[in-house]
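Dumped my_file-v2.tsv below, it's TSV, N, CA and C atoms:
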```tsv
chain	number	residue	atom	x	y	z
A	19	GLN	N	54.69	145.57	112.81
A	19	GLN	CA	55.72	144.73	112.22
A	19	GLN	C	56.43	143.96	113.36
A	20	VAL	N	56.47	142.64	113.21
A	20	VAL	CA	57.09	141.81	114.23
A	20	VAL	C	58.60	141.81	114.02
A	21	GLN	N	59.33	142.07	115.08
A	21	GLN	CA	60.79	142.01	115.03
A	21	GLN	C	61.31	141.22	116.23
A	22	LEU	N	62.32	140.41	115.98
A	22	LEU	CA	62.99	139.64	117.01
A	22	LEU	C	64.48	139.94	116.93
A	23	VAL	N	65.06	140.36	118.03
A	23	VAL	CA	66.47	140.72	118.04
A	23	VAL	C	67.19	139.90	119.09
A	24	GLU	N	68.11	139.04	118.62
A	24	GLU	CA	68.86	138.17	119.52
A	24	GLU	C	70.15	138.85	119.98
A	25	SER	N	70.62	138.41	121.14
A	25	SER	CA	71.92	138.83	121.64
A	25	SER	C	72.45	137.75	122.57
A	26	GLY	N	73.74	137.80	122.84
A	26	GLY	CA	74.33	136.91	123.83
A	26	GLY	C	75.14	135.76	123.29
A	27	GLY	N	75.25	135.63	121.99
A	27	GLY	CA	76.07	134.57	121.44
A	27	GLY	C	77.55	134.85	121.65
A	28	GLY	N	78.38	133.88	121.27
A	28	GLY	CA	79.81	134.05	121.41
A	28	GLY	C	80.53	132.73	121.42
A	29	SER	N	81.78	132.78	121.87
A	29	SER	CA	82.61	131.58	121.93
A	29	SER	C	82.84	131.19	123.38
A	30	VAL	N	82.82	129.90	123.62
A	30	VAL	CA	82.99	129.39	124.98
A	30	VAL	C	83.66	128.04	124.91
A	31	GLN	N	84.35	127.67	125.96
A	31	GLN	CA	84.98	126.36	126.02
A	31	GLN	C	83.96	125.29	126.39
A	32	PRO	N	84.23	124.05	126.04
A	32	PRO	CA	83.32	122.97	126.45
A	32	PRO	C	83.11	122.98	127.96
A	33	GLY	N	81.87	122.79	128.34
A	33	GLY	CA	81.51	122.83	129.76
A	33	GLY	C	81.09	124.21	130.24
A	34	GLY	N	81.29	125.21	129.40
A	34	GLY	CA	80.95	126.58	129.77
A	34	GLY	C	79.48	126.89	129.61
A	35	SER	N	79.15	128.17	129.86
A	35	SER	CA	77.76	128.62	129.83
A	35	SER	C	77.63	129.90	129.02
A	36	LEU	N	76.46	130.06	128.44
A	36	LEU	CA	76.08	131.30	127.76
A	36	LEU	C	74.60	131.51	127.98
A	37	ARG	N	74.18	132.77	127.93
A	37	ARG	CA	72.75	133.08	127.97
A	37	ARG	C	72.40	133.91	126.76
A	38	LEU	N	71.45	133.41	126.00
A	38	LEU	CA	70.93	134.13	124.85
A	38	LEU	C	69.68	134.89	125.26
A	39	SER	N	69.50	136.05	124.65
A	39	SER	CA	68.30	136.85	124.87
A	39	SER	C	67.67	137.18	123.52
A	40	CYS	N	66.37	137.33	123.53
A	40	CYS	CA	65.65	137.72	122.32
A	40	CYS	C	64.56	138.70	122.71
A	41	ALA	N	64.69	139.91	122.22
A	41	ALA	CA	63.71	140.94	122.49
A	41	ALA	C	62.71	141.01	121.33
A	42	ALA	N	61.44	140.95	121.66
A	42	ALA	CA	60.38	140.95	120.64
A	42	ALA	C	59.64	142.27	120.63
A	43	SER	N	59.28	142.70	119.44
A	43	SER	CA	58.43	143.88	119.30
A	43	SER	C	57.39	143.61	118.23
A	44	GLY	N	56.30	144.36	118.30
A	44	GLY	CA	55.24	144.18	117.32
A	44	GLY	C	54.29	143.04	117.63
A	45	VAL	N	54.40	142.49	118.85
A	45	VAL	CA	53.51	141.41	119.27
A	45	VAL	C	52.93	141.74	120.63
A	46	ILE	N	51.78	141.14	120.91
A	46	ILE	CA	51.27	141.14	122.28
A	46	ILE	C	51.96	139.96	122.95
A	47	PHE	N	53.02	140.26	123.64
A	47	PHE	CA	53.99	139.23	124.01
A	47	PHE	C	53.39	138.06	124.79
A	48	PRO	N	52.50	138.29	125.76
A	48	PRO	CA	51.95	137.15	126.50
A	48	PRO	C	51.17	136.17	125.62
A	49	LEU	N	50.78	136.59	124.44
A	49	LEU	CA	50.05	135.71	123.54
A	49	LEU	C	50.98	134.90	122.62
A	50	ALA	N	52.24	135.22	122.63
A	50	ALA	CA	53.17	134.64	121.66
A	50	ALA	C	53.92	133.44	122.25
A	51	THR	N	53.82	132.32	121.55
A	51	THR	CA	54.74	131.22	121.86
A	51	THR	C	56.11	131.60	121.32
A	52	MET	N	57.12	131.49	122.16
A	52	MET	CA	58.48	131.87	121.79
A	52	MET	C	59.38	130.64	121.82
A	53	GLY	N	60.47	130.72	121.10
A	53	GLY	CA	61.37	129.57	121.13
A	53	GLY	C	62.70	129.85	120.48
A	54	TRP	N	63.52	128.83	120.52
A	54	TRP	CA	64.85	128.86	119.92
A	54	TRP	C	65.03	127.63	119.04
A	55	TYR	N	65.58	127.88	117.86
A	55	TYR	CA	66.03	126.84	116.97
A	55	TYR	C	67.52	127.04	116.75
A	56	ARG	N	68.17	126.05	116.18
A	56	ARG	CA	69.58	126.20	115.83
A	56	ARG	C	69.86	125.48	114.53
A	57	GLN	N	70.90	125.95	113.86
A	57	GLN	CA	71.30	125.33	112.61
A	57	GLN	C	72.81	125.33	112.50
A	58	ALA	N	73.37	124.13	112.42
A	58	ALA	CA	74.80	123.96	112.23
A	58	ALA	C	75.11	123.86	110.74
A	59	PRO	N	76.34	124.15	110.33
A	59	PRO	CA	76.69	124.07	108.91
A	59	PRO	C	76.39	122.69	108.33
A	60	GLY	N	75.69	122.68	107.20
A	60	GLY	CA	75.38	121.43	106.53
A	60	GLY	C	74.25	120.63	107.14
A	61	LYS	N	73.61	121.19	108.16
A	61	LYS	CA	72.52	120.48	108.82
A	61	LYS	C	71.23	121.28	108.74
A	62	GLU	N	70.12	120.59	108.97
A	62	GLU	CA	68.83	121.27	108.97
A	62	GLU	C	68.63	122.03	110.28
A	63	ARG	N	67.80	123.05	110.20
A	63	ARG	CA	67.44	123.79	111.41
A	63	ARG	C	66.65	122.87	112.33
A	64	GLU	N	66.96	122.89	113.62
A	64	GLU	CA	66.30	122.01	114.57
A	64	GLU	C	65.81	122.78	115.78
A	65	LEU	N	64.74	122.25	116.35
A	65	LEU	CA	64.17	122.85	117.54
A	65	LEU	C	65.11	122.67	118.73
A	66	VAL	N	65.27	123.73	119.51
A	66	VAL	CA	66.00	123.64	120.77
A	66	VAL	C	65.02	123.63	121.94
A	67	ALA	N	64.17	124.65	122.00
A	67	ALA	CA	63.22	124.77	123.10
A	67	ALA	C	62.14	125.78	122.74
A	68	THR	N	60.96	125.56	123.32
A	68	THR	CA	59.88	126.53	123.15
A	68	THR	C	59.23	126.80	124.51
A	69	ILE	N	58.56	127.93	124.59
A	69	ILE	CA	57.82	128.29	125.81
A	69	ILE	C	56.57	129.05	125.41
A	70	THR	N	55.44	128.64	125.97
A	70	THR	CA	54.19	129.32	125.67
A	70	THR	C	54.05	130.56	126.55
A	71	GLY	N	52.98	131.30	126.30
A	71	GLY	CA	52.74	132.51	127.07
A	71	GLY	C	52.52	132.25	128.56
A	72	ILE	N	52.06	131.05	128.89
A	72	ILE	CA	51.83	130.73	130.29
A	72	ILE	C	52.97	129.90	130.88
A	73	GLY	N	54.04	129.74	130.10
A	73	GLY	CA	55.24	129.13	130.64
A	73	GLY	C	55.42	127.64	130.42
A	74	SER	N	54.59	127.02	129.61
A	74	SER	CA	54.79	125.61	129.30
A	74	SER	C	55.98	125.47	128.34
A	75	THR	N	56.82	124.50	128.61
A	75	THR	CA	58.07	124.37	127.85
A	75	THR	C	58.20	123.02	127.17
A	76	ILE	N	58.94	123.03	126.08
A	76	ILE	CA	59.34	121.82	125.36
A	76	ILE	C	60.82	121.94	125.06
A	77	TYR	N	61.55	120.85	125.23
A	77	TYR	CA	62.98	120.84	124.96
A	77	TYR	C	63.34	119.69	124.01
A	78	ALA	N	64.34	119.93	123.19
A	78	ALA	CA	64.93	118.84	122.44
A	78	ALA	C	65.64	117.90	123.41
A	79	GLU	N	65.62	116.62	123.09
A	79	GLU	CA	66.25	115.64	123.98
A	79	GLU	C	67.73	115.96	124.20
A	80	SER	N	68.38	116.48	123.19
A	80	SER	CA	69.81	116.71	123.25
A	80	SER	C	70.21	117.82	124.22
A	81	VAL	N	69.24	118.65	124.64
A	81	VAL	CA	69.57	119.77	125.53
A	81	VAL	C	68.90	119.67	126.89
A	82	LYS	N	68.04	118.68	127.06
A	82	LYS	CA	67.34	118.53	128.36
A	82	LYS	C	68.34	118.41	129.49
A	83	GLY	N	68.07	119.14	130.57
A	83	GLY	CA	68.95	119.10	131.73
A	83	GLY	C	70.13	120.05	131.64
A	84	ARG	N	70.37	120.62	130.46
A	84	ARG	CA	71.49	121.55	130.29
A	84	ARG	C	71.01	122.97	129.94
A	85	PHE	N	69.95	123.06	129.15
A	85	PHE	CA	69.44	124.35	128.71
A	85	PHE	C	68.12	124.65	129.41
A	86	THR	N	67.88	125.93	129.66
A	86	THR	CA	66.63	126.38	130.26
A	86	THR	C	66.09	127.57	129.49
A	87	ILE	N	64.85	127.44	129.02
A	87	ILE	CA	64.19	128.56	128.36
A	87	ILE	C	63.29	129.26	129.37
A	88	SER	N	63.27	130.58	129.31
A	88	SER	CA	62.40	131.35	130.20
A	88	SER	C	61.98	132.62	129.48
A	89	ARG	N	61.02	133.31	130.07
A	89	ARG	CA	60.54	134.54	129.44
A	89	ARG	C	60.19	135.55	130.51
A	90	ASP	N	60.31	136.81	130.14
A	90	ASP	CA	59.90	137.91	131.00
A	90	ASP	C	58.86	138.70	130.21
A	91	ASN	N	57.60	138.49	130.53
A	91	ASN	CA	56.54	139.14	129.75
A	91	ASN	C	56.53	140.65	129.94
A	92	ALA	N	57.08	141.13	131.03
A	92	ALA	CA	57.14	142.58	131.25
A	92	ALA	C	58.19	143.23	130.35
A	93	LYS	N	59.19	142.45	129.93
A	93	LYS	CA	60.26	142.99	129.09
A	93	LYS	C	60.18	142.51	127.65
A	94	ASN	N	59.13	141.74	127.33
A	94	ASN	CA	58.99	141.21	125.97
A	94	ASN	C	60.25	140.46	125.54
A	95	THR	N	60.79	139.68	126.43
A	95	THR	CA	62.06	139.02	126.17
A	95	THR	C	62.01	137.55	126.55
A	96	VAL	N	62.63	136.73	125.71
A	96	VAL	CA	62.78	135.31	126.01
A	96	VAL	C	64.28	135.02	126.12
A	97	TYR	N	64.61	134.10	127.00
A	97	TYR	CA	66.00	133.78	127.29
A	97	TYR	C	66.26	132.29	127.05
A	98	LEU	N	67.51	131.98	126.77
A	98	LEU	CA	67.95	130.60	126.72
A	98	LEU	C	69.26	130.50	127.50
A	99	GLN	N	69.17	129.93	128.69
A	99	GLN	CA	70.35	129.70	129.51
A	99	GLN	C	70.95	128.36	129.10
A	100	MET	N	72.19	128.39	128.67
A	100	MET	CA	72.86	127.18	128.17
A	100	MET	C	74.04	126.86	129.08
A	101	ASN	N	73.95	125.74	129.77
A	101	ASN	CA	75.01	125.27	130.65
A	101	ASN	C	75.58	123.95	130.11
A	102	GLY	N	76.76	123.62	130.55
A	102	GLY	CA	77.36	122.36	130.12
A	102	GLY	C	77.47	122.25	128.61
A	103	LEU	N	77.90	123.34	127.99
A	103	LEU	CA	77.94	123.37	126.52
A	103	LEU	C	78.92	122.35	125.97
A	104	LYS	N	78.52	121.76	124.86
A	104	LYS	CA	79.33	120.76	124.16
A	104	LYS	C	79.67	121.26	122.76
A	105	ARG	N	80.69	120.66	122.17
A	105	ARG	CA	81.07	121.06	120.81
A	105	ARG	C	79.90	120.91	119.85
A	106	ASP	N	79.09	119.90	120.06
A	106	ASP	CA	77.93	119.67	119.19
A	106	ASP	C	76.88	120.77	119.30
A	107	ASP	N	76.98	121.63	120.29
A	107	ASP	CA	76.03	122.75	120.42
A	107	ASP	C	76.42	123.92	119.53
A	108	THR	N	77.58	123.85	118.89
A	108	THR	CA	78.00	124.91	118.00
A	108	THR	C	77.02	125.06	116.85
A	109	SER	N	76.42	126.24	116.72
A	109	SER	CA	75.39	126.48	115.71
A	109	SER	C	75.09	127.97	115.67
A	110	VAL	N	74.32	128.36	114.68
A	110	VAL	CA	73.64	129.65	114.73
A	110	VAL	C	72.30	129.41	115.40
A	111	TYR	N	72.02	130.19	116.42
A	111	TYR	CA	70.78	130.06	117.19
A	111	TYR	C	69.81	131.16	116.76
A	112	TYR	N	68.60	130.73	116.45
A	112	TYR	CA	67.57	131.64	115.97
A	112	TYR	C	66.41	131.71	116.96
A	113	CYS	N	66.02	132.91	117.28
A	113	CYS	CA	64.81	133.13	118.05
A	113	CYS	C	63.62	133.07	117.09
A	114	TYR	N	62.52	132.54	117.57
A	114	TYR	CA	61.34	132.52	116.72
A	114	TYR	C	60.09	132.72	117.57
A	115	THR	N	59.04	133.16	116.91
A	115	THR	CA	57.75	133.24	117.56
A	115	THR	C	56.68	132.72	116.63
A	116	ASP	N	55.75	132.05	117.22
A	116	ASP	CA	54.54	131.61	116.53
A	116	ASP	C	53.42	132.50	117.04
A	117	TYR	N	53.05	133.48	116.26
A	117	TYR	CA	52.15	134.52	116.73
A	117	TYR	C	50.97	134.63	115.78
A	118	VAL	N	49.79	134.35	116.30
A	118	VAL	CA	48.55	134.43	115.53
A	118	VAL	C	48.70	133.63	114.23
A	119	GLY	N	49.27	132.44	114.38
A	119	GLY	CA	49.34	131.52	113.25
A	119	GLY	C	50.46	131.77	112.27
A	120	THR	N	51.34	132.71	112.56
A	120	THR	CA	52.46	133.01	111.66
A	120	THR	C	53.77	132.90	112.43
A	121	GLN	N	54.78	132.33	111.77
A	121	GLN	CA	56.10	132.23	112.39
A	121	GLN	C	57.00	133.38	111.92
A	122	TYR	N	57.74	133.89	112.86
A	122	TYR	CA	58.71	134.95	112.58
A	122	TYR	C	60.05	134.53	113.16
A	123	TRP	N	61.13	134.99	112.53
A	123	TRP	CA	62.48	134.59	112.92
A	123	TRP	C	63.37	135.79	113.14
A	124	GLY	N	64.30	135.65	114.10
A	124	GLY	CA	65.35	136.62	114.27
A	124	GLY	C	66.46	136.39	113.27
A	125	GLN	N	67.48	137.21	113.36
A	125	GLN	CA	68.58	137.15	112.39
A	125	GLN	C	69.60	136.07	112.73
A	126	GLY	N	69.55	135.57	113.95
A	126	GLY	CA	70.46	134.52	114.38
A	126	GLY	C	71.67	135.06	115.11
A	127	THR	N	72.17	134.25	116.03
A	127	THR	CA	73.39	134.60	116.76
A	127	THR	C	74.26	133.35	116.85
A	128	GLN	N	75.55	133.53	116.60
A	128	GLN	CA	76.47	132.40	116.54
A	128	GLN	C	76.91	131.98	117.93
A	129	VAL	N	76.85	130.69	118.18
A	129	VAL	CA	77.40	130.10	119.40
A	129	VAL	C	78.46	129.09	118.97
A	130	THR	N	79.67	129.28	119.45
A	130	THR	CA	80.78	128.40	119.11
A	130	THR	C	81.36	127.81	120.39
A	131	VAL	N	81.40	126.49	120.44
A	131	VAL	CA	81.95	125.79	121.60
A	131	VAL	C	83.23	125.10	121.15
A	132	SER	N	84.34	125.59	121.68
A	132	SER	CA	85.63	125.08	121.21
A	132	SER	C	86.68	125.33	122.28
A	133	SER	N	87.63	124.40	122.34
A	133	SER	CA	88.75	124.60	123.25
A	133	SER	C	89.92	125.26	122.54
```
Structure translated into structure tokens:
Amino acid sequence: QVQLVESGGGSVQPGGSLRLSCAASGVIFPLATMGWYRQAPGKERELVATITGIGSTIYAESVKGRFTISRDNAKNTVYLQMNGLKRDDTSVYYCYTDYVGTQYWGQGTQVTVSS
């Protein structure tokens, strides 16, 4: 059974930083493309960043240069380092994996950027 457990969300002032973590189980982690999506109230879920098993990355234009996705295959964990946070980054952030042709989602973690 594939499980994704996120942690690291919270509240931060504009310009601040947060690091999200997502621990995966039930997958052969190096084979899994991992990523983060986010969904703000009243908006559709959108891609933030993805990383393949060999470390190739894709970022949404809105986060390029501010967010960094990384993974530790020894710990079955993917990270999202978020710097220079803006109010528009306020969302629920979801970890996801595309594993053997199936997508799985975490429960989500709230990130609030506010002064």
Report as a VMD selection string all protein, DNA and RNA residues lying within 6 Å of Tyr114 of chain A, evaluated on only N, CA and C atoms, omitting residues in the same chain fewer than 2 positions from it.
chain A and resid 51 to 55 112 116 122 to 124
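Counting from atom CA of Val118 of chain A, the distance to atom C of Lys82 of chain A is 29.0 Å.
All residues of chain A that DSSP, run on the backbone, classes as helix (DSSP H, G or I) are Phe47, Pro48, Leu49, Arg105, Asp106 and Asp107 of chain A.
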Of A:Asp107, A:Tyr77, A:Asn91, A:Val23, the one nearest to Ser39 of chain A when counting only C-alpha atoms is A:Val23
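A straight line drawn from atom C of Leu49 of chain A to atom N of Thr70 of chain A is 8.4 Å long.
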Gly71 of chain A proximity check over A:Val131, A:Leu98, A:Cys40, A:Ala50, using all atoms listed in the file: winner is A:Ala50
> So which residues touch segment 57-65 of chain A within 6 Å, counting all atoms listed in the file, skipping near sequence neighbours fewer than 3 positions away, as a list of chain:residue names?
Replying inline: A:Trp54, A:Ala78, A:Thr108, A:Ser109, A:Val110, A:Tyr111, A:Tyr112
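In terms of minimum interatomic distance to Pro32 of chain A, A:Asn101 ranks closest within A:Asn101, A:Gln128, A:Thr68, A:Asn94, counting only C-alpha atoms.
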Could you work out an axis-aligned bounding box for all listed atoms of segment 28-42 of chain A, with 5 Å added on each of the six sides, and give its centre and edge lengths in Å to one decimal, as AutoDock Vina command-line options?
```
--center_x 72.3 --center_y 132.5 --center_z 125.4 --size_x 35.3 --size_y 29.5 --size_z 19.6
```
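Checking A:Val129, A:Ala67, A:Val81, A:Ala92 one by one against Gly28 of chain A, counting only C-alpha atoms, you find the shortest gap at A:Val129.
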